[in-house]
Amino acid sequence: MALKLIVTGGAGYVGSVCTAKLLKAGHEVVVVDDLSTGHADAVPEGARFVEGDAADATASLLAEGFDGVLHFAAKSLVGESMSDPGKYWRGNVFTAIRLLDAMREHGTARLVFSSTAATYGEPEVSPIPETAPTQPTNTYGASKLAIDHAITSYARAHGLAAVSLRYFNVAGAYGRYGERHTTETHLIPLVLQVATGDRDQIQIFGEDYPTSDGTAVRDYIHVADLADAHLLAVQHATAGEHRIYNLGNGTGFSVRQVIETCRDVTGHEIPAVAAPRRAGDPAVLVAASDRAREELGWKPEHADLHDIVSDAWHFTEKRRRA
Ligand code: UDP
């Protein structure tokens with residue numbers, strides 16, 4: 001069934017890939033983005049683009065009648081969330097509540113929300129199921145968890161059909177849509193910057209973790225697979241329910257393994273140096289995604305780390321040549 005949807009943050013990394021896939025599947029999409037971190041030229045062709053605040057601009061649009069909202073727009077820098085928490089409580093939580101109120105006012109039925117593995121904090125079990133305790137270690141994770149709680153109560157009280165997707169480490173690219181953060185903190189794009197010569201070396205944050213090679217382990221998921229889960233989520237959302245799904249491949253790779261894969265893909269030496277641990281970084285974050293597979297019928301198609309890094313590298317090289 002073709003749906004009429006608003007995508008907040010559709011000029012950003014995950015939002016633009018998801019918009020491209022929604023359009024390809026025949027849905028009608030309006031992108032709302034304030035371009036604070038997104039790029040106007042990343043909004044996929046075929047989507048209507050409204051520049052504005054994720055709550056205010058969306059509220060004005062909702063009066064036109066929409067089937068649902070996919071809410072990606074958010075502040076997402078862990079370090080900044082600790083030094084400037086107000087930006088996260090206002091920018092993430094307050095914006096989301098205003099969006100929920102606008103959706104209620106206009107009777108908008110469906111919501112898909114970008115949540116995060118950071119809601120779990122330092123895990124007690126691995127891989128992490130959705131039933132694991134949520135004890136975020138940073139304000140970014142706390143702000144996303146607060147929104148998840150708000151969505152649960154709005155769904156129960158007002159009949160909203162809601163799904164939160166908790167992303168593990170998103171990477172890779174989809175066609176001309178990929179990671180273009182002005183402030184880049186993520187491992188794979190930073191390592192690829194060493195390969196392109198934009199950075200001299202990569203720092204390994206911590207070599208004394210209780211893991212096989214002492215470096216931190218993460219579950220990398222291809223952005224195209226992540227987007228597919230959103231398409232399934234918007235279709236499966238059920239009135240009065242808030243469902244939560246972890247999205248990852250269920251396999252962990254260490255920082256050293258990621259760097260080695262990047263060397264293999266790029267053919268560059270990529271010098272790496274040891275650096276202290278980054279505050280708030282758990283040793284291992286791996287997803288149990290059985291619930292998404294069973295209930296949404298989600299099946300990741302690009303689980304291989306080599307494929308994920310290759311797609312990120314092709315995107316990086318193409319942009320450099322453009
Ligand atoms: N990391 C690193 N060097 C960097 C950037 C990241 O060693 O320059 C590590 C980081 O400490 C973490 C892993 O790479 O263990 C993934 O970090 P990223 O920021 O990509 O994602 P996160 O897991 O924090 O969401």
# chains A, B, ... in the order shown; residues from 1 in each chain; ligands from 1
>>> residues_around(residues="A:His268", least_positions_apart="4", cutoff="9 Å", atoms="only C-alpha atoms", output="ChimeraX atom specification")
/A:194-196,262-264
>>> residues_near_ligand(ligand="ligand 1", cutoff="7 Å", atoms="only C-alpha atoms and all ligand atoms", output="ChimeraX atom specification")
/A:169,185-188,190,202-206,216-218,255,277-278,281,283
>>> write_last_selection(atoms="N, CA, C and O atoms", output="mmCIF file, in the first residue's frame")
data_model
loop_
_atom_site.group_PDB
_atom_site.id
_atom_site.type_symbol
_atom_site.label_atom_id
_atom_site.label_comp_id
_atom_site.auth_asym_id
_atom_site.auth_seq_id
_atom_site.Cartn_x
_atom_site.Cartn_y
_atom_site.Cartn_z
ATOM 1 N N ASN A 169 25.813 0.083 14.877
ATOM 2 C CA ASN A 169 26.730 1.010 14.173
ATOM 3 C C ASN A 169 26.435 1.047 12.680
ATOM 4 O O ASN A 169 26.813 0.124 11.951
ATOM 5 N N THR A 185 32.729 11.691 13.714
ATOM 6 C CA THR A 185 33.249 10.990 14.892
ATOM 7 C C THR A 185 33.255 9.479 14.673
ATOM 8 O O THR A 185 33.767 8.749 15.501
ATOM 9 N N HIS A 186 32.647 9.020 13.586
ATOM 10 C CA HIS A 186 32.479 7.576 13.399
ATOM 11 C C HIS A 186 33.712 6.907 12.794
ATOM 12 O O HIS A 186 34.389 7.477 11.937
ATOM 13 N N LEU A 187 33.952 5.698 13.252
ATOM 14 C CA LEU A 187 35.204 5.001 12.937
ATOM 15 C C LEU A 187 35.431 4.813 11.434
ATOM 16 O O LEU A 187 36.492 5.202 10.927
ATOM 17 N N ILE A 188 34.474 4.216 10.710
ATOM 18 C CA ILE A 188 34.739 3.866 9.305
ATOM 19 C C ILE A 188 35.019 5.105 8.445
ATOM 20 O O ILE A 188 36.046 5.153 7.757
ATOM 21 N N LEU A 190 36.202 7.928 9.359
ATOM 22 C CA LEU A 190 37.489 8.504 9.787
ATOM 23 C C LEU A 190 38.658 7.682 9.242
ATOM 24 O O LEU A 190 39.653 8.247 8.764
ATOM 25 N N ILE A 202 44.876 7.065 12.065
ATOM 26 C CA ILE A 202 43.663 6.844 12.860
ATOM 27 C C ILE A 202 44.097 6.524 14.291
ATOM 28 O O ILE A 202 45.066 5.791 14.505
ATOM 29 N N GLN A 203 43.391 7.101 15.240
ATOM 30 C CA GLN A 203 43.663 6.794 16.642
ATOM 31 C C GLN A 203 42.779 5.627 17.060
ATOM 32 O O GLN A 203 41.579 5.613 16.759
ATOM 33 N N ILE A 204 43.353 4.691 17.771
ATOM 34 C CA ILE A 204 42.561 3.577 18.314
ATOM 35 C C ILE A 204 42.249 3.921 19.766
ATOM 36 O O ILE A 204 43.158 3.977 20.600
ATOM 37 N N PHE A 205 40.973 4.179 20.034
ATOM 38 C CA PHE A 205 40.577 4.608 21.377
ATOM 39 C C PHE A 205 40.475 3.410 22.322
ATOM 40 O O PHE A 205 39.410 2.835 22.496
ATOM 41 N N GLY A 206 41.582 3.045 22.925
ATOM 42 C CA GLY A 206 41.587 1.975 23.924
ATOM 43 C C GLY A 206 42.041 0.654 23.353
ATOM 44 O O GLY A 206 41.470 0.154 22.382
ATOM 45 N N ALA A 216 37.764 -2.134 21.110
ATOM 46 C CA ALA A 216 36.313 -2.231 21.321
ATOM 47 C C ALA A 216 35.622 -2.902 20.130
ATOM 48 O O ALA A 216 36.032 -2.740 18.979
ATOM 49 N N VAL A 217 34.563 -3.619 20.433
ATOM 50 C CA VAL A 217 33.849 -4.409 19.426
ATOM 51 C C VAL A 217 32.465 -3.805 19.171
ATOM 52 O O VAL A 217 31.740 -3.482 20.116
ATOM 53 N N ARG A 218 32.118 -3.664 17.888
ATOM 54 C CA ARG A 218 30.818 -3.102 17.510
ATOM 55 C C ARG A 218 30.173 -3.954 16.419
ATOM 56 O O ARG A 218 30.845 -4.646 15.676
ATOM 57 N N VAL A 255 37.881 -2.698 16.607
ATOM 58 C CA VAL A 255 38.419 -1.516 15.915
ATOM 59 C C VAL A 255 39.570 -1.952 15.003
ATOM 60 O O VAL A 255 39.661 -1.522 13.846
ATOM 61 N N ARG A 277 41.121 5.419 25.965
ATOM 62 C CA ARG A 277 39.705 5.115 25.752
ATOM 63 C C ARG A 277 38.898 6.408 25.634
ATOM 64 O O ARG A 277 39.242 7.405 26.259
ATOM 65 N N ARG A 278 37.835 6.381 24.877
ATOM 66 C CA ARG A 278 36.916 7.520 24.791
ATOM 67 C C ARG A 278 35.888 7.341 25.908
ATOM 68 O O ARG A 278 35.322 6.247 26.052
ATOM 69 N N ASP A 281 32.494 4.865 26.307
ATOM 70 C CA ASP A 281 32.444 3.813 25.280
ATOM 71 C C ASP A 281 32.376 2.424 25.920
ATOM 72 O O ASP A 281 33.325 2.014 26.588
ATOM 73 N N ALA A 283 32.717 -1.710 26.023
ATOM 74 C CA ALA A 283 33.692 -2.594 25.376
ATOM 75 C C ALA A 283 33.082 -3.292 24.155
ATOM 76 O O ALA A 283 33.695 -3.355 23.095
#
>>> closest_atom_pairs(of="stretch 141-247 of chain A", to="stretch 60-79 of chain A", cutoff="10 Å", atoms="only C-alpha atoms", output="Markdown table")
| residue | atom | partner | partner_atom | distance |
| --- | --- | --- | --- | --- |
| A:Gly141 | CA | A:Val78 | CA | 8.0 |
| A:Ser143 | CA | A:Lys75 | CA | 9.6 |
| A:Lys144 | CA | A:Ala74 | CA | 9.2 |
| A:Leu160 | CA | A:Gly68 | CA | 9.9 |
| A:Ala161 | CA | A:Gly68 | CA | 9.0 |
| A:Ala162 | CA | A:Gly68 | CA | 9.5 |
| A:Val163 | CA | A:Leu70 | CA | 9.5 |
| A:Ser164 | CA | A:His71 | CA | 9.7 |
| A:Thr183 | CA | A:Leu77 | CA | 8.7 |
| A:Glu184 | CA | A:Leu77 | CA | 9.2 |
| A:Thr185 | CA | A:Leu77 | CA | 7.8 |
| A:His186 | CA | A:Leu77 | CA | 9.8 |
| A:His230 | CA | A:Leu70 | CA | 8.2 |
| A:Leu231 | CA | A:Leu70 | CA | 9.7 |
| A:Ala233 | CA | A:Leu70 | CA | 9.8 |
| A:Val234 | CA | A:Gly68 | CA | 7.8 |
| A:Ala237 | CA | A:Gly68 | CA | 10.0 |
>>> residues_around(residues="A:Met1", least_positions_apart="3", cutoff="12 Å", atoms="only C-alpha atoms", output="VMD selection string")
chain A and resid 4 22 25 to 28 67 231 to 232 234 to 236
>>> atom_distance(atom1="atom CA of A:Glu122", atom2="atom CA of A:Val93")
22.0 Å
>>> closest_residue(among="A:Gly248, A:Ile270, A:Ala155, A:Tyr209", to="A:Arg293", atoms="only C-alpha atoms")
A:Gly248
>>> residues_around(residues="A:Met103", least_positions_apart="4", cutoff="8 Å", atoms="only C-alpha atoms", output="PyMOL selection string")
chain A and resi 59+62+99+107-109
>>> select_by_dssp(residues="stretch 13-130 of chain A", states="helix (DSSP H, G or I)", output="number ranges by chain")
A: 13-24, 40-42, 56-62, 78-83, 85-106, 117-119
>>> select_by_dssp(residues="stretch 149-227 of chain A", states="strand (DSSP E or B)", output="list in words")
Ala161, Ala162, Val163, Ser164, Leu165, Arg166, Tyr167, Asn169, Val170, Ala171, Tyr174, Tyr177, Ile202, Gln203, Ile204, Phe205, Val217, Arg218, Tyr220, Ile221 and His222 of chain A
>>> closest_residue(among="A:Lys299, A:His242, A:Arg156, A:His181", to="A:Ala229", atoms="only C-alpha atoms")
A:Lys299
>>> closest_residue(among="A:Lys318, A:Glu269, A:Tyr154, A:Thr137", to="A:Ala102", atoms="only C-alpha atoms")
A:Tyr154
>>> closest_residue(among="A:Thr139, A:Ser153, A:Ser212, A:Thr58", to="A:Gly86", atoms="only C-alpha atoms")
A:Thr139
>>> closest_residue(among="A:Gln257, A:Gln201, A:Trp89, A:Arg243", to="A:Ala275", atoms="only C-alpha atoms")
A:Gln201
>>> residues_around(residues="A:Tyr13", least_positions_apart="4", cutoff="9 Å", atoms="only C-alpha atoms", output="list in words")
Gly9, Val17, Cys18, Gly38, Ala42, Ala173, Tyr177, Gly178, Glu179, Arg180, His181 and Val223 of chain A
>>> atom_distance(atom1="atom CA of A:Ser114", atom2="atom CA of A:Tyr140")
12.3 Å
>>> residues_around(residues="A:Leu305", least_positions_apart="2", cutoff="10 Å", atoms="only C-alpha atoms", output="PyMOL selection string")
chain A and resi 171-172+219-222+249+251-253+257-258+261-262+302-303+307-311
>>> write_last_selection(atoms="C-alpha atoms", output="mmCIF file, in the first residue's frame")
data_model
loop_
_atom_site.group_PDB
_atom_site.id
_atom_site.type_symbol
_atom_site.label_atom_id
_atom_site.label_comp_id
_atom_site.auth_asym_id
_atom_site.auth_seq_id
_atom_site.Cartn_x
_atom_site.Cartn_y
_atom_site.Cartn_z
ATOM 1 C CA ALA A 171 27.850 2.359 7.966
ATOM 2 C CA GLY A 172 28.138 2.016 4.189
ATOM 3 C CA ASP A 219 28.052 -4.501 15.303
ATOM 4 C CA TYR A 220 28.194 -2.733 11.908
ATOM 5 C CA ILE A 221 25.000 -2.619 9.853
ATOM 6 C CA HIS A 222 24.673 -1.491 6.242
ATOM 7 C CA ASN A 249 23.884 -8.132 12.165
ATOM 8 C CA THR A 251 28.358 -10.123 14.726
ATOM 9 C CA GLY A 252 30.951 -7.914 16.372
ATOM 10 C CA PHE A 253 34.119 -6.520 14.790
ATOM 11 C CA GLN A 257 39.471 -5.613 12.430
ATOM 12 C CA VAL A 258 37.677 -2.594 10.965
ATOM 13 C CA THR A 261 39.221 -4.369 6.452
ATOM 14 C CA CYS A 262 39.641 -0.728 5.357
ATOM 15 C CA HIS A 302 24.813 -6.792 3.217
ATOM 16 C CA ALA A 303 26.010 -8.251 6.504
ATOM 17 C CA ASP A 307 30.842 -5.101 1.522
ATOM 18 C CA ILE A 308 29.842 -2.383 3.986
ATOM 19 C CA VAL A 309 33.304 -0.763 3.894
ATOM 20 C CA SER A 310 33.488 -1.148 0.079
ATOM 21 C CA ASP A 311 30.231 0.769 -0.380
#
>>> atom_distance(atom1="atom CA of A:Val32", atom2="atom CA of A:Ala312")
25.2 Å
